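Engineer: mmCIF, C-alpha atoms, saved as run_4.cif, coming up:
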data_run
#
loop_
_atom_site.label_atom_id
_atom_site.label_comp_id
_atom_site.auth_asym_id
_atom_site.auth_seq_id
_atom_site.Cartn_x
_atom_site.Cartn_y
_atom_site.Cartn_z
CA MET O 20 -48.24 -12.38 47.21
CA VAL O 21 -48.33 -11.84 43.45
CA GLN O 22 -46.13 -8.99 42.24
CA LYS O 23 -47.97 -6.52 39.98
CA ALA O 24 -45.23 -6.22 37.33
CA GLN O 25 -46.76 -8.05 34.35
CA PRO O 26 -50.28 -8.69 33.00
CA TYR O 27 -52.12 -10.19 35.93
CA LYS O 28 -53.70 -13.14 34.15
CA TYR O 29 -50.32 -14.52 33.02
CA GLN O 30 -48.75 -14.05 36.41
CA VAL O 31 -51.73 -15.66 38.13
CA TYR O 32 -51.59 -18.50 35.62
CA ASP O 33 -47.94 -19.13 36.55
CA GLU O 34 -48.67 -18.88 40.27
CA ILE O 35 -51.54 -21.36 40.20
CA LYS O 36 -49.66 -23.81 37.98
CA ARG O 37 -46.64 -23.60 40.25
CA GLY O 38 -48.94 -24.34 43.17
CA ILE O 39 -50.27 -27.41 41.38
CA LEU O 40 -46.77 -28.63 40.51
CA LYS O 41 -45.54 -28.17 44.09
CA GLY O 42 -48.59 -29.88 45.61
CA GLN O 43 -50.07 -26.77 47.19
CA TYR O 44 -53.20 -27.49 45.14
CA MET O 45 -53.84 -31.22 44.90
CA PRO O 46 -55.83 -33.18 42.29
CA GLY O 47 -59.50 -32.89 43.17
CA ASP O 48 -59.11 -29.59 45.03
CA VAL O 49 -61.70 -26.95 44.17
CA LEU O 50 -60.19 -23.51 43.46
CA THR O 51 -62.41 -20.50 43.98
CA GLU O 52 -61.94 -16.97 42.71
CA ARG O 53 -62.61 -15.57 46.18
CA LYS O 54 -59.97 -17.69 47.92
CA LEU O 55 -57.33 -17.04 45.26
CA SER O 56 -58.16 -13.35 45.27
CA ASP O 57 -57.56 -13.23 49.03
CA GLU O 58 -54.32 -15.24 48.75
CA MET O 59 -52.84 -13.15 45.94
CA GLY O 60 -54.19 -9.75 46.88
CA ILE O 61 -55.68 -8.92 43.49
CA SER O 62 -59.14 -8.67 41.96
CA ARG O 63 -61.09 -11.66 40.67
CA THR O 64 -61.04 -10.73 36.97
CA PRO O 65 -57.43 -11.79 36.20
CA ILE O 66 -57.93 -14.87 38.37
CA ARG O 67 -61.00 -15.83 36.33
CA GLU O 68 -59.03 -15.30 33.12
CA ALA O 69 -56.08 -17.33 34.39
CA MET O 70 -58.36 -20.18 35.46
CA GLN O 71 -59.89 -20.26 32.00
CA MET O 72 -56.39 -20.51 30.51
CA LEU O 73 -55.49 -23.31 32.93
CA ALA O 74 -58.66 -25.17 31.98
CA HIS O 75 -57.79 -24.77 28.30
CA ASP O 76 -54.30 -26.19 28.95
CA GLY O 77 -55.70 -29.14 30.88
CA TRP O 78 -54.70 -28.25 34.44
CA LEU O 79 -58.19 -27.45 35.69
CA VAL O 80 -61.57 -28.99 34.92
CA MET O 81 -64.65 -26.78 35.05
CA GLU O 82 -67.39 -28.82 36.72
CA THR O 83 -71.00 -27.64 36.75
CA TYR O 84 -71.66 -27.81 40.49
CA LYS O 85 -68.12 -27.54 41.88
CA GLY O 86 -66.42 -24.96 39.70
CA ALA O 87 -62.68 -25.15 38.91
CA VAL O 88 -61.22 -28.49 40.02
CA VAL O 89 -57.53 -29.43 39.83
CA ARG O 90 -57.28 -32.18 37.24
CA GLU O 91 -56.54 -35.77 38.14
CA PHE O 92 -54.33 -37.28 35.41
CA ASP O 93 -55.01 -40.95 34.77
CA LEU O 94 -52.23 -43.49 34.26
CA GLU O 95 -53.01 -44.18 30.62
CA TYR O 96 -52.83 -40.49 29.68
CA VAL O 97 -49.51 -39.97 31.46
CA LEU O 98 -47.98 -43.04 29.80
CA GLU O 99 -49.12 -41.80 26.40
CA VAL O 100 -47.45 -38.44 27.05
CA LEU O 101 -44.24 -40.16 28.17
CA LYS O 102 -44.09 -42.26 25.01
CA ILE O 103 -44.53 -39.23 22.77
CA ARG O 104 -42.01 -37.24 24.79
CA LYS O 105 -39.41 -39.99 24.41
CA SER O 106 -39.58 -39.86 20.61
CA LEU O 107 -39.47 -36.06 20.53
CA GLU O 108 -36.52 -35.87 22.96
CA MET O 109 -34.53 -38.24 20.74
CA LEU O 110 -35.25 -36.08 17.70
CA ALA O 111 -34.29 -32.94 19.62
CA VAL O 112 -30.90 -34.18 20.78
CA GLU O 113 -30.05 -35.56 17.34
CA ASP O 114 -30.56 -32.11 15.79
CA ALA O 115 -28.96 -30.31 18.74
CA VAL O 116 -25.63 -32.07 18.20
CA LEU O 117 -25.46 -30.56 14.71
CA ASN O 118 -26.05 -27.00 15.91
CA LEU O 119 -24.30 -26.52 19.25
CA THR O 120 -21.34 -24.22 19.85
CA ASP O 121 -18.63 -24.37 22.50
CA ARG O 122 -20.59 -21.80 24.50
CA ASP O 123 -23.69 -24.01 24.30
CA LEU O 124 -21.66 -26.88 25.71
CA GLU O 125 -20.51 -24.69 28.58
CA GLU O 126 -24.14 -23.79 29.37
CA LEU O 127 -25.19 -27.45 29.40
CA GLU O 128 -22.29 -28.30 31.71
CA GLU O 129 -23.18 -25.41 34.03
CA ILE O 130 -26.79 -26.60 34.23
CA ALA O 131 -25.70 -30.18 34.94
CA GLN O 132 -23.34 -28.97 37.68
CA CYS O 133 -26.07 -26.86 39.29
CA GLN O 134 -28.34 -29.88 39.36
CA ARG O 135 -25.61 -32.02 40.96
CA ASP O 136 -25.06 -29.33 43.61
CA MET O 137 -28.78 -29.46 44.43
CA LEU O 138 -28.43 -33.02 45.69
CA ASN O 139 -26.85 -31.57 48.85
CA HIS O 140 -29.77 -29.21 49.59
CA TYR O 141 -32.59 -30.91 47.78
CA ASP O 142 -35.87 -29.28 46.84
CA GLU O 143 -38.03 -31.33 44.44
CA TYR O 144 -39.46 -28.34 42.61
CA ASP O 145 -36.11 -26.58 42.10
CA TYR O 146 -34.44 -29.85 41.08
CA ILE O 147 -37.10 -30.58 38.46
CA GLU O 148 -36.89 -26.99 37.20
CA MET O 149 -33.14 -27.42 36.66
CA ASP O 150 -33.75 -30.80 35.05
CA ARG O 151 -36.17 -29.12 32.70
CA LYS O 152 -33.65 -26.37 31.98
CA PHE O 153 -31.16 -29.03 30.81
CA HIS O 154 -33.68 -30.50 28.40
CA GLN O 155 -34.93 -27.05 27.38
CA LYS O 156 -31.44 -26.08 26.23
CA ILE O 157 -31.35 -29.17 24.03
CA TYR O 158 -34.75 -28.26 22.56
CA GLU O 159 -33.50 -24.77 21.72
CA LEU O 160 -30.42 -26.18 20.01
CA SER O 161 -32.60 -28.35 17.79
CA HIS O 162 -33.79 -25.14 16.07
CA ASN O 163 -37.16 -26.84 15.59
CA ARG O 164 -39.85 -24.51 16.93
CA THR O 165 -42.71 -26.97 16.44
CA LEU O 166 -40.85 -29.63 18.41
CA GLN O 167 -40.05 -27.10 21.15
CA GLY O 168 -43.70 -26.16 21.53
CA LEU O 169 -44.82 -29.77 21.81
CA LEU O 170 -42.15 -30.67 24.34
CA ASN O 171 -42.76 -27.60 26.50
CA ASN O 172 -46.43 -28.50 26.82
CA PHE O 173 -45.73 -32.16 27.62
CA ASN O 174 -43.02 -31.31 30.12
CA ASP O 175 -45.37 -29.23 32.27
CA ILE O 176 -47.30 -32.44 32.81
CA ILE O 177 -44.19 -34.58 33.28
CA SER O 178 -42.83 -32.09 35.83
CA PHE O 179 -45.97 -32.62 37.93
CA PHE O 180 -45.23 -36.33 38.27
CA GLY O 181 -41.46 -36.01 38.19
CA ILE O 182 -41.47 -33.96 41.40
CA ARG O 183 -43.35 -36.75 43.15
CA ALA O 184 -41.55 -39.69 41.54
CA LEU O 185 -38.06 -38.40 42.40
CA LYS O 186 -38.41 -39.01 46.12
CA GLN O 187 -35.75 -41.74 46.22
CA LYS O 188 -32.18 -40.49 46.35
CA GLU O 189 -31.02 -43.34 44.14
CA ARG O 190 -33.17 -42.10 41.25
CA LYS O 191 -31.86 -38.56 41.67
CA ILE O 192 -28.31 -39.87 41.33
CA THR O 193 -29.05 -42.10 38.32
CA THR O 194 -30.80 -39.17 36.64
CA MET O 195 -27.59 -37.16 36.91
CA GLU O 196 -25.58 -40.08 35.55
CA GLU O 197 -27.94 -40.32 32.57
CA HIS O 198 -27.64 -36.59 31.92
CA GLN O 199 -23.86 -36.93 32.00
CA LYS O 200 -23.95 -39.69 29.36
CA ILE O 201 -26.05 -37.43 27.13
CA LEU O 202 -23.64 -34.55 27.73
CA ASP O 203 -20.59 -36.71 27.01
CA ALA O 204 -22.07 -37.81 23.67
CA VAL O 205 -23.00 -34.24 22.80
CA LYS O 206 -19.44 -33.10 23.57
CA ARG O 207 -18.13 -35.66 21.08
CA ARG O 208 -20.67 -34.44 18.53
CA ASP O 209 -21.77 -38.07 18.30
CA ALA O 210 -25.43 -37.81 17.33
CA GLY O 211 -26.03 -41.55 17.39
CA ALA O 212 -24.62 -41.95 20.90
CA ALA O 213 -26.56 -38.88 22.09
CA VAL O 214 -29.81 -40.34 20.76
CA ARG O 215 -29.11 -43.70 22.44
CA ALA O 216 -28.26 -41.98 25.73
CA MET O 217 -31.44 -39.92 25.55
CA GLU O 218 -33.49 -43.03 24.74
CA ASP O 219 -32.06 -44.78 27.80
CA HIS O 220 -32.77 -41.74 30.00
CA MET O 221 -36.35 -41.44 28.76
CA SER O 222 -36.97 -45.18 29.17
CA LYS O 223 -35.83 -45.07 32.80
CA THR O 224 -37.86 -41.93 33.43
CA PHE O 225 -40.88 -43.74 32.00
CA ILE O 226 -40.34 -46.72 34.33
CA ASN O 227 -39.89 -44.46 37.36
CA ILE O 228 -43.03 -42.39 36.77
CA GLU O 229 -45.07 -45.45 35.77
CA GLY O 230 -44.07 -47.12 39.05
CA TYR O 231 -45.07 -44.04 41.04
CA MET O 232 -48.42 -43.80 39.24
CA LYS O 233 -49.28 -47.46 39.78
CA GLU O 234 -48.29 -47.30 43.44
CA ARG O 235 -50.42 -44.19 43.91
CA ARG O 236 -53.40 -45.77 42.16
CA ASN O 237 -53.23 -48.85 44.37
CA GLN O 238 -53.17 -46.91 47.64
#
Would you kindly transcribe this structure into structure tokens?

Structural biologist:
Amino acid sequence: MVQKAQPYKYQVYDEIKRGILKGQYMPGDVLTERKLSDEMGISRTPIREAMQMLAHDGWLVMETYKGAVVREFDLEYVLEVLKIRKSLEMLAVEDAVLNLTDRDLEELEEIAQCQRDMLNHYDEYDYIEMDRKFHQKIYELSHNRTLQGLLNNFNDIISFFGIRALKQKERKITTMEEHQKILDAVKRRDAGAAVRAMEDHMSKTFINIEGYMKERRNQ
């Protein structure tokens, strides 16, 4: 049930997008105002507004005879996003090293530890959210608002596939190892090493998601 504590359309937007990310609403599913209104216990107007926002951001496609359909992302588009994200992540960590404080380092370490703890009681959505929080902190430390905006938009899409591609425990563990290498370089204030560690992490993330996408397409 949606809590009525903030403007409805933004809350509904977050609820629907979370449902898409978690697989509650699958690619190709048709979302109707009536059904969502019944599920969330609110009127159709904010739902209509939220669906328009989701369509604008690329999560829904408005089809003439079907209505609002959850978007199916094709392999080529996802790979393009991953390539762009890789370059932006490397820029972000390079600038972050120049700006971080001891307190910032503590926050990054706390996030990394929380993510490691999640391996014992694993939930894909929560794990990816913590993964994103780690990267988000690095974006903030870059002090580059344009870069932050671009990465936040791309990472919504990457989260969708990351949740599904991180099914194997081995990849969860190697992800944590890659984060630790980034963190170790950041601790040393070694921008070059941090960029190389981030490049390696992004390259392996690319390979993992590409493999998932190709396997899914061939099923």

Engineer: Please enumerate the residues selected by the PyMOL selection byres ((chain O and resi 222) around 12) when evaluated against the supplied file, formatted as a list of chain:residue names.

Structural biologist: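 Taken on the displayed file, the PyMOL selection byres ((chain O and resi 222) around 12) yields the residues O:Leu98, O:Leu101, O:Lys102, O:Ile103, O:Arg104, O:Lys105, O:Ser106, O:Glu108, O:Met109, O:Thr194, O:Glu197, O:Arg215, O:Ala216, O:Met217, O:Glu218, O:Asp219, O:His220, O:Met221, O:Lys223, O:Thr224, O:Phe225, O:Ile226, O:Asn227, O:Ile228, O:Glu229.
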
Engineer: Find the residues around Leu166 in chain O up to 12 Å (all atoms listed in the file counted), leave out those fewer than 6 positions away in its own chain, and share them as a PyMOL selection string.

Structural biologist: chain O and resi 103-104+106-112+114-115+155+157-160+172-173

Engineer: For the atom pair CA of Glu148 in chain O and CA of Leu94 in chain O, what is the interatomic distance in Å to one decimal place?

Structural biologist: 22.7 Å

Engineer: Once 8 Å is added on each side, what are the centre and the three edge lengths, in Å to one decimal, of the axis-aligned box enclosing the listed atoms of range 136-149 of chain O? Present them as AutoDock Vina command-line options.

Structural biologist:
--center_x -32.3 --center_y -29.8 --center_z 43.1 --size_x 30.4 --size_y 22.4 --size_z 28.9

Engineer: Need the shell around range 26-34 of chain O: protein/DNA/RNA residues with any atom at most 7 Å away, counting all atoms listed in the file. Skip same-chain ones fewer than 3 positions apart. Format as a ChimeraX atom specification?

Structural biologist: /O:23,37-38,65-66,68-70,73

Engineer: Tell me, in Å to one decimal, how far CA of Lys36 in chain O is from CA of Ser178 in chain O.

Structural biologist: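 If I compute the distance from CA of Lys36 in chain O to CA of Ser178 in chain O, I get 10.9 Å.
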
Engineer: Give me the residues near Gly181 in chain O as a list in words, where near means some atom within 10 Å (using all atoms listed in the file) and where sequence neighbours in that chain fewer than 5 positions away do not count.

Structural biologist: Leu40, Glu143, Tyr144, Tyr146, Ile147, Asp150, Asn174, Asp175, Ile176, Lys186, Thr224, Phe225, Asn227, Ile228 and Tyr231 of chain O

Engineer: When you look at Ala87 in chain O with a cut-off of 10 Å (counting all atoms listed in the file), what residues show up, excluding the ones that are within fewer than 4 positions of it in the same chain? I need them as number ranges by chain.

Structural biologist: O: 47-52, 67, 70-71, 73-74, 78-83

Engineer: Suppose we keep C-alpha atoms; can you now write the selection as an mmCIF file, in the frame of the given file?

Structural biologist:
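Dumped to out23.cif:
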data_model
loop_
_atom_site.group_PDB
_atom_site.id
_atom_site.type_symbol
_atom_site.label_atom_id
_atom_site.label_comp_id
_atom_site.auth_asym_id
_atom_site.auth_seq_id
_atom_site.Cartn_x
_atom_site.Cartn_y
_atom_site.Cartn_z
ATOM 1 C CA GLY O 47 -59.500 -32.890 43.170
ATOM 2 C CA ASP O 48 -59.110 -29.590 45.030
ATOM 3 C CA VAL O 49 -61.700 -26.950 44.170
ATOM 4 C CA LEU O 50 -60.190 -23.510 43.460
ATOM 5 C CA THR O 51 -62.410 -20.500 43.980
ATOM 6 C CA GLU O 52 -61.940 -16.970 42.710
ATOM 7 C CA ARG O 67 -61.000 -15.830 36.330
ATOM 8 C CA MET O 70 -58.360 -20.180 35.460
ATOM 9 C CA GLN O 71 -59.890 -20.260 32.000
ATOM 10 C CA LEU O 73 -55.490 -23.310 32.930
ATOM 11 C CA ALA O 74 -58.660 -25.170 31.980
ATOM 12 C CA TRP O 78 -54.700 -28.250 34.440
ATOM 13 C CA LEU O 79 -58.190 -27.450 35.690
ATOM 14 C CA VAL O 80 -61.570 -28.990 34.920
ATOM 15 C CA MET O 81 -64.650 -26.780 35.050
ATOM 16 C CA GLU O 82 -67.390 -28.820 36.720
ATOM 17 C CA THR O 83 -71.000 -27.640 36.750
#

Engineer: If the PyMOL selection byres ((chain O and resi 126) around 12) is run on the structure shown, which residues does it catch, given as number ranges by chain?

Structural biologist: O: 119-125, 127-133, 152-157, 160, 202, 206

Engineer: To one decimal in Å, tell me the separation between CA of Gln134 in chain O and CA of Val214 in chain O.

Structural biologist: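 Answer for the CA of Gln134 in chain O to CA of Val214 in chain O separation: 21.4 Å.
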
Engineer: Using all atoms listed in the file for the distances, tell me which of O:Asp203, O:Pro46, O:Arg53, O:Asp136 is nearest to Asp93 in chain O.

Structural biologist: O:Pro46

Engineer: Closest to Glu113 in chain O among O:Ser161, O:Gln199, O:Thr193, O:Thr64, using all atoms listed in the file?

Structural biologist: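 Under the stated criterion, the closest residue is O:Ser161.
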
Engineer: Could you check the closest approach to Glu234 in chain O for each of O:Ile201, O:Lys54, O:Lys85, O:Ala184 and tell me which residue wins, using all atoms listed in the file?

Structural biologist: O:Ala184

Engineer: Looking at O:Val100, O:Val116, O:Phe179, O:His140, which one is nearest to Ile39 in chain O, with distances taken over all atoms listed in the file?

Structural biologist: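 Once distances to Ile39 in chain O are computed over all atoms listed in the file, the minimum belongs to O:Phe179.
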
Engineer: Copy range 55-191 of chain O out of the block into a file, keeping C-alpha atoms, as a short mmCIF file (atom, residue, chain, number, x, y, z; two decimals), in the first residue's frame.

Structural biologist:
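The resulting decode-v8.cif:
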data_model
loop_
_atom_site.label_atom_id
_atom_site.label_comp_id
_atom_site.auth_asym_id
_atom_site.auth_seq_id
_atom_site.Cartn_x
_atom_site.Cartn_y
_atom_site.Cartn_z
CA LEU O 55 -2.64 -0.03 -10.06
CA SER O 56 -5.30 2.10 -8.41
CA ASP O 57 -6.71 -1.01 -6.71
CA GLU O 58 -3.23 -2.23 -5.67
CA MET O 59 -2.10 1.10 -4.21
CA GLY O 60 -5.38 2.34 -2.82
CA ILE O 61 -5.29 5.76 -4.47
CA SER O 62 -7.08 7.52 -7.32
CA ARG O 63 -6.11 7.14 -10.96
CA THR O 64 -4.89 10.71 -11.53
CA PRO O 65 -1.48 10.38 -9.80
CA ILE O 66 -1.08 6.94 -11.36
CA ARG O 67 -1.67 8.40 -14.82
CA GLU O 68 0.86 11.16 -14.09
CA ALA O 69 3.43 8.67 -12.78
CA MET O 70 3.00 6.45 -15.83
CA GLN O 71 3.60 9.43 -18.09
CA MET O 72 6.82 10.16 -16.18
CA LEU O 73 7.89 6.51 -16.47
CA ALA O 74 7.23 6.60 -20.20
CA HIS O 75 9.30 9.78 -20.50
CA ASP O 76 12.19 8.10 -18.63
CA GLY O 77 12.01 5.02 -20.84
CA TRP O 78 10.53 2.46 -18.44
CA LEU O 79 7.12 2.23 -20.08
CA VAL O 80 6.06 2.36 -23.72
CA MET O 81 2.65 3.79 -24.56
CA GLU O 82 1.17 1.57 -27.27
CA THR O 83 -1.97 2.57 -29.15
CA TYR O 84 -4.06 -0.55 -28.55
CA LYS O 85 -2.45 -1.91 -25.38
CA GLY O 86 -1.74 1.14 -23.26
CA ALA O 87 1.27 1.30 -20.91
CA VAL O 88 3.64 -1.61 -21.54
CA VAL O 89 6.78 -2.36 -19.50
CA ARG O 90 9.71 -1.76 -21.81
CA GLU O 91 11.83 -4.57 -23.19
CA PHE O 92 15.46 -3.37 -23.37
CA ASP O 93 17.38 -4.80 -26.30
CA LEU O 94 20.94 -6.07 -26.01
CA GLU O 95 22.49 -3.36 -28.15
CA TYR O 96 20.96 -0.57 -26.06
CA VAL O 97 22.10 -2.10 -22.78
CA LEU O 98 25.65 -2.58 -24.06
CA GLU O 99 25.75 1.04 -25.21
CA VAL O 100 24.68 2.19 -21.74
CA LEU O 101 27.31 -0.02 -20.11
CA LYS O 102 30.08 1.42 -22.28
CA ILE O 103 29.09 4.99 -21.46
CA ARG O 104 28.75 4.15 -17.77
CA LYS O 105 32.25 2.68 -17.69
CA SER O 106 33.83 5.91 -18.94
CA LEU O 107 31.78 8.07 -16.56
CA GLU O 108 32.56 5.86 -13.54
CA MET O 109 36.28 6.18 -14.25
CA LEU O 110 35.98 9.96 -14.41
CA ALA O 111 33.96 10.02 -11.19
CA VAL O 112 36.43 8.01 -9.12
CA GLU O 113 39.39 10.01 -10.43
CA ASP O 114 37.81 13.25 -9.19
CA ALA O 115 36.50 11.64 -6.00
CA VAL O 116 40.02 10.77 -4.83
CA LEU O 117 40.90 14.47 -4.89
CA ASN O 118 37.92 15.50 -2.76
CA LEU O 119 37.29 12.83 -0.14
CA THR O 120 37.72 13.30 3.61
CA ASP O 121 38.42 10.75 6.32
CA ARG O 122 34.70 10.71 7.10
CA ASP O 123 33.93 9.97 3.44
CA LEU O 124 36.29 7.01 3.61
CA GLU O 125 34.50 5.73 6.69
CA GLU O 126 31.15 5.95 4.86
CA LEU O 127 32.50 4.02 1.87
CA GLU O 128 33.88 1.34 4.19
CA GLU O 129 30.56 1.10 6.04
CA ILE O 130 28.68 0.65 2.76
CA ALA O 131 31.13 -2.02 1.59
CA GLN O 132 30.77 -3.87 4.91
CA CYS O 133 26.97 -3.74 4.73
CA GLN O 134 27.11 -5.24 1.26
CA ARG O 135 29.44 -8.02 2.44
CA ASP O 136 27.06 -8.79 5.32
CA MET O 137 24.22 -9.16 2.81
CA LEU O 138 25.89 -12.20 1.29
CA ASN O 139 24.68 -14.17 4.32
CA HIS O 140 21.01 -13.18 3.88
CA TYR O 141 20.89 -12.33 0.22
CA ASP O 142 18.18 -10.31 -1.47
CA GLU O 143 18.98 -9.24 -5.04
CA TYR O 144 17.16 -5.93 -4.84
CA ASP O 145 18.68 -4.88 -1.49
CA TYR O 146 22.15 -6.02 -2.61
CA ILE O 147 21.96 -3.98 -5.81
CA GLU O 148 20.65 -0.97 -3.87
CA MET O 149 23.70 -1.15 -1.58
CA ASP O 150 25.95 -1.62 -4.60
CA ARG O 151 24.44 1.50 -6.07
CA LYS O 152 24.93 3.36 -2.79
CA PHE O 153 28.67 2.59 -2.98
CA HIS O 154 28.92 4.03 -6.47
CA GLN O 155 26.58 6.91 -5.60
CA LYS O 156 28.94 8.03 -2.84
CA ILE O 157 31.77 8.14 -5.36
CA TYR O 158 29.63 10.22 -7.73
CA GLU O 159 28.89 12.70 -4.97
CA LEU O 160 32.58 13.02 -4.13
CA SER O 161 33.36 13.88 -7.75
CA HIS O 162 31.52 17.20 -7.19
CA ASN O 163 30.42 17.01 -10.83
CA ARG O 164 26.64 17.47 -10.93
CA THR O 165 26.32 16.81 -14.66
CA LEU O 166 28.18 13.52 -14.32
CA GLN O 167 26.02 12.57 -11.31
CA GLY O 168 22.82 13.16 -13.27
CA LEU O 169 23.98 11.04 -16.20
CA LEU O 170 25.13 8.18 -14.00
CA ASN O 171 21.97 8.15 -11.89
CA ASN O 172 19.85 7.77 -15.00
CA PHE O 173 22.02 5.01 -16.47
CA ASN O 174 22.22 3.13 -13.20
CA ASP O 175 18.45 2.75 -12.95
CA ILE O 176 18.70 0.72 -16.14
CA ILE O 177 21.82 -1.17 -15.04
CA SER O 178 20.14 -2.05 -11.72
CA PHE O 179 17.34 -3.75 -13.66
CA PHE O 180 19.78 -6.16 -15.28
CA GLY O 181 22.20 -6.30 -12.37
CA ILE O 182 19.54 -7.82 -10.12
CA ARG O 183 19.03 -10.61 -12.63
CA ALA O 184 22.67 -11.10 -13.63
CA LEU O 185 23.92 -11.45 -10.03
CA LYS O 186 22.30 -14.84 -9.48
CA GLN O 187 25.61 -16.70 -9.19
CA LYS O 188 27.27 -16.49 -5.78
CA GLU O 189 30.71 -16.35 -7.39
CA ARG O 190 29.88 -13.06 -9.11
CA LYS O 191 28.57 -11.58 -5.86
#
